[in-house]
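Structure data (compact mmCIF, C-alpha atoms and all ligand atoms) from structure_16.txt:
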```txt
# COMPACT_ATOMS: atom_id res chain seq x y z
CA GLY B 1 89.76 166.85 -95.26
CA SER B 2 89.40 163.88 -97.57
CA VAL B 3 88.30 164.21 -101.17
CA VAL B 4 86.08 161.66 -102.89
CA GLY B 5 86.67 161.51 -106.64
CA ILE B 6 83.55 160.81 -108.69
CA MET B 7 83.70 159.90 -112.38
CA GLY B 8 80.62 161.12 -114.22
CA GLY B 9 78.76 164.39 -113.91
CA GLY B 10 75.05 163.55 -113.83
CA GLN B 11 72.38 163.68 -111.15
CA LEU B 12 73.73 160.60 -109.37
CA GLY B 13 77.08 162.36 -108.92
CA ARG B 14 75.24 165.46 -107.76
CA MET B 15 73.34 163.56 -105.06
CA LEU B 16 76.54 161.70 -104.04
CA ALA B 17 78.35 165.04 -103.69
CA VAL B 18 75.57 166.44 -101.49
CA ALA B 19 75.65 163.33 -99.26
CA ALA B 20 79.45 163.43 -99.04
CA ALA B 21 79.40 167.10 -98.03
CA GLN B 22 76.93 166.32 -95.26
CA ILE B 23 79.48 164.03 -93.58
CA GLY B 24 82.43 166.33 -94.15
CA TYR B 25 83.90 165.07 -97.41
CA ARG B 26 84.73 167.20 -100.39
CA THR B 27 84.14 165.85 -103.88
CA HIS B 28 85.98 166.17 -107.18
CA ILE B 29 84.03 165.37 -110.34
CA PHE B 30 85.77 163.99 -113.45
CA ALA B 31 83.56 164.16 -116.54
CA PRO B 32 83.89 164.79 -120.26
CA GLU B 33 81.00 167.25 -120.44
CA ALA B 34 81.32 170.80 -119.09
CA ASP B 35 77.61 171.21 -118.33
CA GLY B 36 77.18 168.26 -115.95
CA VAL B 37 74.78 168.87 -113.08
CA ALA B 38 77.21 167.40 -110.51
CA HIS B 39 79.95 169.99 -111.05
CA GLU B 40 78.03 172.87 -109.50
CA VAL B 41 77.65 171.12 -106.13
CA ALA B 42 81.15 169.58 -106.01
CA SER B 43 84.28 171.22 -104.61
CA ALA B 44 86.25 170.73 -107.81
CA SER B 45 85.82 169.37 -111.30
CA THR B 46 88.02 168.19 -114.14
CA ILE B 47 86.50 168.36 -117.61
CA ALA B 48 88.42 165.87 -119.74
CA ALA B 49 88.00 162.73 -121.80
CA TYR B 50 88.08 159.42 -119.92
CA ASP B 51 91.21 158.43 -121.87
CA ASP B 52 93.16 161.61 -121.08
CA GLU B 53 95.94 160.08 -118.94
CA MET B 54 97.42 163.43 -117.86
CA ALA B 55 94.03 164.55 -116.60
CA LEU B 56 93.36 161.16 -114.94
CA ALA B 57 96.72 161.27 -113.13
CA GLY B 58 96.04 164.78 -111.85
CA PHE B 59 92.56 163.71 -110.71
CA ALA B 60 93.96 160.67 -108.86
CA ASN B 61 96.48 162.91 -107.12
CA GLY B 62 93.78 165.19 -105.79
CA CYS B 63 91.52 162.44 -104.41
CA SER B 64 91.69 160.02 -101.49
CA VAL B 65 89.39 157.47 -103.11
CA ILE B 66 87.66 157.24 -106.51
CA THR B 67 84.19 156.04 -107.46
CA TYR B 68 81.71 156.38 -110.37
CA GLU B 69 78.20 157.58 -110.91
CA PHE B 70 78.20 156.36 -114.52
CA GLU B 71 78.65 152.65 -115.21
CA ASN B 72 80.10 153.09 -118.67
CA VAL B 73 83.31 154.73 -117.49
CA PRO B 74 85.89 152.90 -119.63
CA VAL B 75 87.42 150.03 -117.64
CA ASP B 76 90.82 151.08 -119.06
CA ALA B 77 90.50 154.42 -117.24
CA VAL B 78 89.94 152.53 -113.97
CA ARG B 79 92.88 150.22 -114.69
CA PHE B 80 95.02 153.33 -115.24
CA LEU B 81 93.82 154.96 -112.00
CA GLN B 82 93.99 151.88 -109.75
CA PRO B 83 97.76 151.87 -109.10
CA HIS B 84 97.49 155.52 -108.01
CA ARG B 85 94.31 155.47 -105.93
CA ALA B 86 91.80 153.02 -104.55
CA CYS B 87 88.87 152.75 -106.98
CA PHE B 88 85.50 151.33 -105.83
CA PRO B 89 83.74 149.31 -107.09
CA SER B 90 86.60 147.38 -108.72
CA ALA B 91 87.43 147.26 -112.41
CA LYS B 92 86.20 143.66 -112.35
CA ALA B 93 82.76 144.67 -110.99
CA LEU B 94 82.53 147.45 -113.53
CA SER B 95 83.49 145.22 -116.45
CA VAL B 96 80.93 142.56 -115.51
CA ALA B 97 78.16 145.15 -115.13
CA GLN B 98 78.99 146.90 -118.41
CA ASP B 99 78.31 143.86 -120.56
CA ARG B 100 74.96 142.09 -120.52
CA VAL B 101 76.51 138.79 -121.65
CA ALA B 102 79.16 138.91 -118.90
CA GLU B 103 76.58 140.05 -116.34
CA LYS B 104 74.03 137.32 -117.06
CA SER B 105 76.74 134.65 -117.33
CA PHE B 106 78.27 135.76 -114.03
CA ALA B 107 74.91 135.59 -112.27
CA ARG B 108 73.98 132.24 -113.82
CA ASP B 109 77.35 130.72 -112.87
CA LEU B 110 76.64 131.68 -109.23
CA GLY B 111 73.31 129.89 -109.38
CA VAL B 112 71.27 133.09 -109.68
CA PRO B 113 68.29 132.47 -112.01
CA VAL B 114 68.22 134.52 -115.22
CA ALA B 115 65.95 134.41 -118.27
CA ASP B 116 67.26 132.20 -121.09
CA PHE B 117 69.68 134.24 -123.16
CA ALA B 118 72.20 133.87 -125.95
CA GLU B 119 74.97 136.07 -127.27
CA VAL B 120 74.53 137.36 -130.84
CA ARG B 121 77.56 138.33 -132.94
CA SER B 122 76.41 137.15 -136.37
CA GLU B 123 73.32 136.30 -138.37
CA ALA B 124 74.02 132.62 -137.70
CA ASP B 125 74.11 133.31 -133.94
CA LEU B 126 70.84 135.21 -134.20
CA ASN B 127 69.08 132.39 -136.02
CA ALA B 128 70.42 129.79 -133.60
CA ALA B 129 69.37 131.97 -130.64
CA LEU B 130 65.87 132.45 -132.05
CA ALA B 131 65.58 128.71 -132.66
CA SER B 132 66.51 127.87 -129.07
CA ILE B 133 64.84 130.74 -127.21
CA GLY B 134 61.82 131.19 -129.46
CA SER B 135 59.66 134.28 -129.73
CA PRO B 136 58.52 136.62 -128.39
CA ALA B 137 62.03 137.61 -127.39
CA ILE B 138 63.92 140.78 -126.74
CA LEU B 139 67.21 141.71 -128.37
CA LYS B 140 69.47 144.13 -126.49
CA THR B 141 72.82 145.69 -127.29
CA ALA B 142 75.43 143.92 -125.14
CA THR B 143 76.87 147.23 -123.95
CA GLU B 144 75.77 150.81 -123.32
CA GLY B 145 71.97 150.43 -123.35
CA TYR B 146 69.98 152.29 -120.70
CA ASP B 147 66.39 153.44 -120.14
CA GLY B 148 65.31 150.74 -122.60
CA LYS B 149 67.42 152.23 -125.41
CA GLY B 150 69.21 149.75 -127.65
CA GLN B 151 66.43 147.17 -127.37
CA ALA B 152 64.09 145.61 -129.90
CA ARG B 153 61.25 143.20 -129.33
CA ILE B 154 60.98 140.26 -131.69
CA THR B 155 57.46 138.93 -132.03
CA ASP B 156 58.13 136.75 -135.06
CA PRO B 157 61.41 134.95 -135.88
CA THR B 158 61.35 136.27 -139.46
CA LEU B 159 61.78 139.79 -138.05
CA GLY B 160 65.02 138.94 -136.25
CA MET B 161 67.38 140.57 -138.74
CA ALA B 162 65.28 143.74 -138.88
CA ALA B 163 65.37 143.94 -135.09
CA TRP B 164 69.12 143.49 -135.05
CA GLU B 165 69.56 146.22 -137.70
CA SER B 166 67.37 148.54 -135.64
CA ILE B 167 69.76 148.38 -132.67
CA GLY B 168 72.87 148.94 -134.80
CA HIS B 169 73.90 145.40 -135.73
CA GLY B 170 76.58 145.12 -133.00
CA ARG B 171 77.20 142.51 -130.31
CA ALA B 172 73.87 141.80 -128.66
CA VAL B 173 72.04 139.44 -126.36
CA LEU B 174 68.76 137.72 -127.17
CA GLU B 175 66.55 137.09 -124.14
CA ARG B 176 63.35 135.23 -123.63
CA MET B 177 60.43 137.60 -123.07
CA VAL B 178 59.63 137.11 -119.40
CA ARG B 179 56.06 137.11 -118.13
CA PHE B 180 56.27 138.83 -114.80
CA ASP B 181 53.94 140.01 -112.06
CA GLY B 182 56.11 143.05 -111.49
CA GLU B 183 59.64 144.35 -111.20
CA PHE B 184 61.69 145.17 -108.15
CA SER B 185 65.26 145.86 -107.16
CA VAL B 186 67.65 144.91 -104.41
CA ILE B 187 69.83 147.81 -103.33
CA LEU B 188 72.70 146.94 -101.03
CA ALA B 189 75.83 148.61 -99.75
CA ARG B 190 79.01 146.71 -98.95
CA SER B 191 81.98 148.44 -97.33
CA THR B 192 85.73 147.96 -97.64
CA HIS B 193 85.41 145.92 -94.41
CA GLY B 194 82.80 143.63 -95.95
CA GLU B 195 79.97 145.08 -93.81
CA THR B 196 76.80 144.71 -95.86
CA VAL B 197 73.37 146.30 -95.52
CA PHE B 198 70.35 146.35 -97.82
CA TRP B 199 67.24 148.46 -98.07
CA ASN B 200 63.62 147.43 -98.32
CA CYS B 201 63.13 146.28 -101.94
CA PRO B 202 61.30 148.88 -104.04
CA GLU B 203 58.74 147.77 -106.60
CA ASN B 204 59.58 149.52 -109.85
CA ILE B 205 57.08 150.60 -112.47
CA HIS B 206 58.39 151.46 -115.91
CA ALA B 207 56.81 153.52 -118.68
CA ASP B 208 58.31 153.47 -122.18
CA GLY B 209 61.34 151.56 -120.86
CA ILE B 210 62.14 154.27 -118.28
CA LEU B 211 61.65 153.96 -114.53
CA SER B 212 58.53 155.89 -113.67
CA ARG B 213 57.79 155.08 -110.03
CA SER B 214 59.28 153.15 -107.11
CA LEU B 215 57.02 151.95 -104.28
CA VAL B 216 58.12 150.83 -100.83
CA PRO B 217 57.03 148.43 -99.58
CA ALA B 218 56.35 146.52 -102.77
CA ARG B 219 52.91 144.93 -103.18
CA PRO B 220 52.75 141.60 -101.31
CA GLU B 221 52.79 139.53 -104.50
CA ILE B 222 56.12 141.17 -105.37
CA ALA B 223 57.52 141.48 -101.84
CA ARG B 224 57.25 137.72 -101.33
CA HIS B 225 60.21 137.37 -103.73
CA ALA B 226 62.42 139.86 -101.90
CA GLU B 227 64.14 137.49 -99.50
CA ALA B 228 65.29 135.14 -102.27
CA ALA B 229 66.40 138.08 -104.42
CA VAL B 230 68.40 139.62 -101.57
CA GLY B 231 70.17 136.27 -101.23
CA HIS B 232 71.02 136.35 -104.95
CA ALA B 233 72.27 139.95 -104.79
CA LEU B 234 74.43 139.19 -101.73
CA ARG B 235 75.96 136.24 -103.56
CA ILE B 236 76.82 138.50 -106.50
CA ALA B 237 78.28 141.20 -104.20
CA ASP B 238 80.39 138.71 -102.25
CA ALA B 239 81.65 137.02 -105.43
CA LEU B 240 82.84 140.41 -106.72
CA ASP B 241 84.24 141.43 -103.30
CA TYR B 242 82.08 144.43 -104.06
CA VAL B 243 82.57 147.83 -102.40
CA GLY B 244 79.91 150.55 -102.65
CA VAL B 245 76.21 150.50 -103.51
CA LEU B 246 75.07 147.74 -105.87
CA ALA B 247 71.59 147.64 -107.41
CA CYS B 248 70.22 144.40 -108.88
CA GLU B 249 66.99 144.45 -110.90
CA PHE B 250 64.66 141.44 -110.74
CA PHE B 251 61.49 140.27 -112.41
CA ALA B 252 58.92 138.73 -110.03
CA THR B 253 57.71 135.58 -111.80
CA ALA B 254 55.63 132.56 -110.90
CA ASP B 255 58.91 130.64 -110.60
CA GLY B 256 60.54 133.16 -108.27
CA PRO B 257 62.78 136.16 -108.87
CA LEU B 258 64.71 136.32 -112.15
CA PHE B 259 67.82 138.52 -112.21
CA ASN B 260 67.71 141.06 -115.07
CA GLU B 261 70.68 143.38 -114.66
CA MET B 262 72.86 145.14 -112.14
CA ALA B 263 74.09 148.69 -111.78
CA PRO B 264 77.49 149.09 -110.09
CA ARG B 265 76.43 152.36 -108.51
CA VAL B 266 73.65 154.18 -106.73
CA HIS B 267 70.39 153.61 -108.57
CA ASN B 268 67.28 155.55 -109.54
CA SER B 269 65.09 153.02 -107.71
CA GLY B 270 66.96 153.97 -104.52
CA HIS B 271 66.29 157.71 -104.63
CA TRP B 272 63.46 157.25 -102.12
CA THR B 273 66.09 156.42 -99.46
CA ILE B 274 67.02 160.12 -99.13
CA GLU B 275 63.87 160.81 -97.11
CA GLY B 276 62.47 157.30 -96.74
CA ALA B 277 65.35 155.55 -94.98
CA VAL B 278 67.47 156.43 -91.93
CA THR B 279 70.55 156.44 -94.18
CA SER B 280 70.32 157.10 -97.91
CA GLN B 281 71.97 155.03 -100.64
CA PHE B 282 74.15 158.06 -101.41
CA GLU B 283 75.49 158.43 -97.87
CA ASN B 284 76.06 154.70 -97.45
CA HIS B 285 77.93 154.61 -100.76
CA ILE B 286 80.30 157.30 -99.49
CA ARG B 287 80.63 155.52 -96.13
CA ALA B 288 81.27 152.16 -97.85
CA ILE B 289 84.09 153.39 -100.09
CA CYS B 290 85.66 155.45 -97.28
CA GLY B 291 85.82 152.47 -94.92
CA LEU B 292 83.32 153.96 -92.45
CA PRO B 293 80.60 152.06 -90.60
CA LEU B 294 77.36 151.88 -92.61
CA GLY B 295 74.20 153.62 -91.43
CA ALA B 296 70.87 151.95 -90.74
CA THR B 297 68.62 151.34 -93.75
CA THR B 298 65.37 151.23 -91.75
CA LEU B 299 62.30 152.99 -93.19
CA THR B 300 61.43 156.41 -91.75
CA GLY B 301 57.71 155.89 -92.41
CA ALA B 302 55.13 153.26 -93.15
CA SER B 303 55.46 153.61 -96.92
CA VAL B 304 57.39 155.61 -99.48
CA GLU B 305 56.69 156.51 -103.09
CA MET B 306 59.11 158.04 -105.60
CA HIS B 307 58.06 159.49 -108.95
CA ASN B 308 60.53 160.39 -111.65
CA ILE B 309 60.09 163.76 -113.29
CA ILE B 310 60.82 163.20 -116.96
CA GLY B 311 61.12 165.70 -119.81
CA ALA B 312 58.44 168.40 -119.84
CA ASP B 313 56.97 167.12 -116.52
CA VAL B 314 59.52 169.44 -114.95
CA ASP B 315 57.38 172.40 -115.97
CA ARG B 316 54.95 171.27 -113.25
CA TRP B 317 57.53 171.84 -110.50
CA GLN B 318 55.30 174.31 -108.67
CA HIS B 319 52.55 171.71 -108.51
CA PHE B 320 54.95 169.41 -106.61
CA LEU B 321 55.96 172.26 -104.28
CA SER B 322 52.37 173.08 -103.47
CA ASP B 323 51.91 169.54 -102.18
CA LYS B 324 53.15 169.96 -98.61
CA THR B 325 54.04 166.29 -98.21
CA CYS B 326 56.08 166.09 -101.42
CA ARG B 327 59.88 166.30 -101.24
CA LEU B 328 61.00 167.70 -104.59
CA HIS B 329 64.42 167.14 -106.14
CA LEU B 330 65.34 168.99 -109.31
CA TYR B 331 68.64 168.19 -110.96
CA GLY B 332 69.24 171.56 -112.62
CA LYS B 333 69.17 170.32 -116.21
CA GLY B 334 68.03 172.62 -119.00
CA HIS B 335 64.24 172.53 -119.32
CA GLY B 336 61.97 170.00 -120.99
CA ARG B 337 64.40 167.77 -122.79
CA ALA B 338 62.21 164.90 -123.92
CA GLY B 339 62.78 161.58 -122.18
CA ARG B 340 65.46 162.89 -119.82
CA LYS B 341 65.35 162.48 -116.07
CA MET B 342 64.94 166.05 -114.79
CA GLY B 343 64.16 165.38 -111.13
CA HIS B 344 62.12 163.23 -108.80
CA ALA B 345 59.56 163.61 -106.04
CA THR B 346 59.26 161.52 -102.87
CA TRP B 347 56.37 161.04 -100.45
CA VAL B 348 56.93 159.36 -97.10
CA SER B 349 53.68 158.32 -95.48
CA GLN B 350 53.45 157.76 -91.72
CA GLY B 351 49.94 156.37 -92.02
CA SER B 352 49.19 152.87 -90.90
CA GLY B 353 45.95 152.87 -92.87
CA ALA B 354 45.34 151.44 -96.32
CA ALA B 355 48.02 152.54 -98.80
P1 LIG W 1 67.88 150.62 -117.16
O1 LIG W 1 67.48 152.01 -117.47
O2 LIG W 1 67.12 149.98 -116.01
O3 LIG W 1 69.36 150.43 -117.05
P2 LIG W 1 68.11 149.05 -119.58
O4 LIG W 1 67.99 149.87 -120.80
O5 LIG W 1 69.47 148.63 -119.15
O6 LIG W 1 67.34 149.75 -118.40
P3 LIG W 1 66.58 146.61 -119.01
O7 LIG W 1 66.48 146.94 -117.59
O8 LIG W 1 67.23 145.31 -119.34
O9 LIG W 1 67.26 147.75 -119.88
O10 LIG W 1 65.14 146.62 -119.69
C1 LIG W 1 64.29 147.74 -119.52
C2 LIG W 1 62.89 147.24 -119.20
O11 LIG W 1 62.40 146.45 -120.30
C3 LIG W 1 62.82 146.33 -117.99
O12 LIG W 1 62.75 147.04 -116.78
C4 LIG W 1 61.55 145.53 -118.31
O13 LIG W 1 60.40 146.31 -118.05
C5 LIG W 1 61.66 145.34 -119.82
N1 LIG W 1 62.39 144.09 -120.12
C6 LIG W 1 63.71 143.94 -120.25
N2 LIG W 1 64.07 142.68 -120.49
C7 LIG W 1 62.93 141.97 -120.51
C8 LIG W 1 62.61 140.59 -120.71
N3 LIG W 1 63.55 139.66 -120.98
N4 LIG W 1 61.30 140.23 -120.66
C9 LIG W 1 60.33 141.14 -120.43
N5 LIG W 1 60.56 142.46 -120.23
C10 LIG W 1 61.84 142.88 -120.27
MG MG W 2 70.51 148.94 -117.44
MG MG W 3 67.02 148.01 -116.12
```
What's the structure tokens form of this structure?
Ligand code: ATP
Ligand code: MG
Ligand code: MG
Amino acid sequence: GSVVGIMGGGQLGRMLAVAAAQIGYRTHIFAPEADGVAHEVASASTIAAYDDEMALAGFANGCSVITYEFENVPVDAVRFLQPHRACFPSAKALSVAQDRVAEKSFARDLGVPVADFAEVRSEADLNAALASIGSPAILKTATEGYDGKGQARITDPTLGMAAWESIGHGRAVLERMVRFDGEFSVILARSTHGETVFWNCPENIHADGILSRSLVPARPEIARHAEAAVGHALRIADALDYVGVLACEFFATADGPLFNEMAPRVHNSGHWTIEGAVTSQFENHIRAICGLPLGATTLTGASVEMHNIIGADVDRWQHFLSDKTCRLHLYGKGHGRAGRKMGHATWVSQGSGAA
């Protein structure tokens, strides 16, 4: 049988491994940490640093195709692997998605609307950016931020330097603070044959910078932006000759959808597809990178709701189980670690009544 190599050992890798197994593929996880939650459901794992070339070569040898569940896999590791094994998405897609400046520039150059932004490498850049973009604004590390980490809001231009210090004084991007009616994502899958499908756009509700809930369908005032946003996401996927699942986050604004960022992988706002769609994002990702036909993305019910289980919320797992309509997913992480994604719960409603 074929083996799908997955770089990264978190819950996304775990859910990819489960989906791969369901259609007869084995998985091999490559991750630096020994206690990843993907390892225990995969057929094999290699615990090594992403720059360990001996370990990477051995991993490539044991896999038929390689993918990632973690977008900050060093692009050099992918460049090293590529001559040995097909890697999807490409190093190019990964490098664009890893860097907010590259990502926003790439989108803007394709005609995809983004909030005004400017790269910050120096105090002079910061002052120039604040002068052109104004405040309030939001300063983000150019690389490696997630769950709202590595961000600082600037309400007054005189506080720019303090904000930059607070996120570590490295390369950053200053963005205009967007007034939005809500947030949503486009999740699509594109195969090695260029076949492309997308799911119903979830509306995403954040708390403390972390995704809290995804709702499908989105409220009408958000859903009215979905068609335009899907067009933008397809343009990005085609321009990258993308293979796999791609998630693009958008702000719903009075002027239409504004692209915020992309994830070159399966995405938390797509977890509802496990029960809520005919084919999940995880299965279609495996199908896409293995050159198989993609499955239908149609909803299995009238509406779907996904709640993240974060930190100590996991202690309420029995409460979720006692709700007969709740589908509980626990990732097997050690208990109650503040701010960490420990699991999620999904409700698919068949009702045609008021949501
Ligand atoms: P993720 O965990 O989704 O990868 P992240 O840390 O990469 O998050 P963003 O998605 O850019 O960061 O920002 C996190 C959240 O902060 C957004 O979902 C949105 O709620 C808010 N936010 C980010 N940028 C802006 C902006 N320019 N204007 C207003 N709100 C913003
Ligand atoms: Mg992000
Ligand atoms: Mg985001």
message = Taking 5 positions as the minimum chain separation for residues in the same chain, which residues sit within 10 Å of range 93-95 of chain B when counting all atoms listed in the file? Answer as a PyMOL selection string.
response = chain B and resi 68+70-76+78+88+100+102-103+236-237+239-243+246+262-265
Can you write out as a Markdown table which residues of chain B fall within 9 Å of ligand MG 2 (chain W), alongside each residue's closest atom pair and its distance in Å to one decimal, counting all atoms listed in the file and ordering rows by chain and ascending residue number?
```
| residue | atom | partner | partner_atom | distance |
| --- | --- | --- | --- | --- |
| B:Ala97 | CA | W:MG2 | MG | 8.8 |
| B:Gln98 | CA | W:MG2 | MG | 8.8 |
| B:Arg100 | CA | W:MG2 | MG | 8.7 |
| B:Glu144 | CA | W:MG2 | MG | 8.1 |
| B:Gly145 | CA | W:MG2 | MG | 6.3 |
| B:Tyr146 | CA | W:MG2 | MG | 4.7 |
| B:Asp147 | CA | W:MG2 | MG | 6.7 |
| B:Gly148 | CA | W:MG2 | MG | 7.5 |
| B:Glu249 | CA | W:MG2 | MG | 8.7 |
| B:Asn260 | CA | W:MG2 | MG | 8.7 |
| B:Glu261 | CA | W:MG2 | MG | 6.2 |
| B:Met262 | CA | W:MG2 | MG | 6.9 |
| B:Ala263 | CA | W:MG2 | MG | 6.7 |
```
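Put simply, atom N2 of ligand LIG 1 (chain W) is 13.9 Å away from CA of Pro113 in chain B.
Interatomic distance, CA of Val114 in chain B against CA of Gly168 in chain B: 24.8 Å.
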task = Write out as a PyMOL selection string which residues come within 10 Å of Ser280 in chain B when counting all atoms listed in the file, dropping same-chain ones fewer than 4 positions away.
result = chain B and resi 16+19+199+266+270-276+284-285+295-298
Report, as lines of an AutoDock Vina configuration file, the centre and edge lengths in Å (one decimal) of the axis-aligned box enclosing every listed atom of range 140-157 of chain B, padded by 5 Å on each side.
```
center_x = 67.2
center_y = 144.2
center_z = -128.0
size_x = 29.4
size_y = 28.5
size_z = 25.7
```
task = For Pro136 in chain B, please output as number ranges by chain all residues within 10 Å (counting all atoms listed in the file; exclusion window: fewer than 4 positions along the same chain).
result = B: 130, 153-157, 175-178
request  = Could you check how far CA of Glu33 in chain B sits from CA of Cys290 in chain B, in Å to one decimal?
outcome  = 26.4 Å
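Near Ile286 in chain B, within 10 Å and counting only C-alpha atoms, sit Val4, Leu16, Ala17, Ala19, Ala20, Ala21, Ile23, Tyr25, Val65, Thr67, Ala189, Ser191, Gly244, Val245, Gln281, Phe282, Cys290, Gly291, Leu292 and Leu294 of chain B, not including residues fewer than 4 positions from it in the same chain.
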Nearest candidate to Ser212 in chain B (options B:Thr196, B:Ser166, B:Ser303, B:Asn268; using all atoms listed in the file) = B:Asn268
message = Need to verify the contact set: Pro257 in chain B, 10 Å, all atoms listed in the file, exclusion of same-chain residues closer than 4 positions in sequence. Can you return it as a ChimeraX atom specification?
response = /B:112-114,180,182-184,222,224-230,232,249-253
message = Counting all atoms listed in the file, which residue out of B:Arg85, B:Arg14, B:His267, B:His28 sits closest to ligand MG 3 (chain W)?
response = B:His267
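In terms of minimum interatomic distance to ligand LIG 1 (chain W), B:Asp181 ranks closest within B:Glu40, B:Glu165, B:Glu53, B:Asp181, counting all atoms listed in the file.
Each of B:Gly62, B:Gly150, B:Gly24, B:Gly36 was checked against ligand MG 3 (chain W) using all atoms listed in the file; the smallest atom-to-atom distance is that of B:Gly150.
Among B:Ser322, B:Asp109, B:Ala124, B:Ala172, the residue with the shortest atom-to-atom distance to Leu139 in chain B, counting only C-alpha atoms, is B:Ala172.
Proximity of B:Ala91, B:Ile210, B:Ala162, B:Ile66 to ligand MG 3 (chain W), computed with only C-alpha atoms and all ligand atoms, is greatest for B:Ile210.
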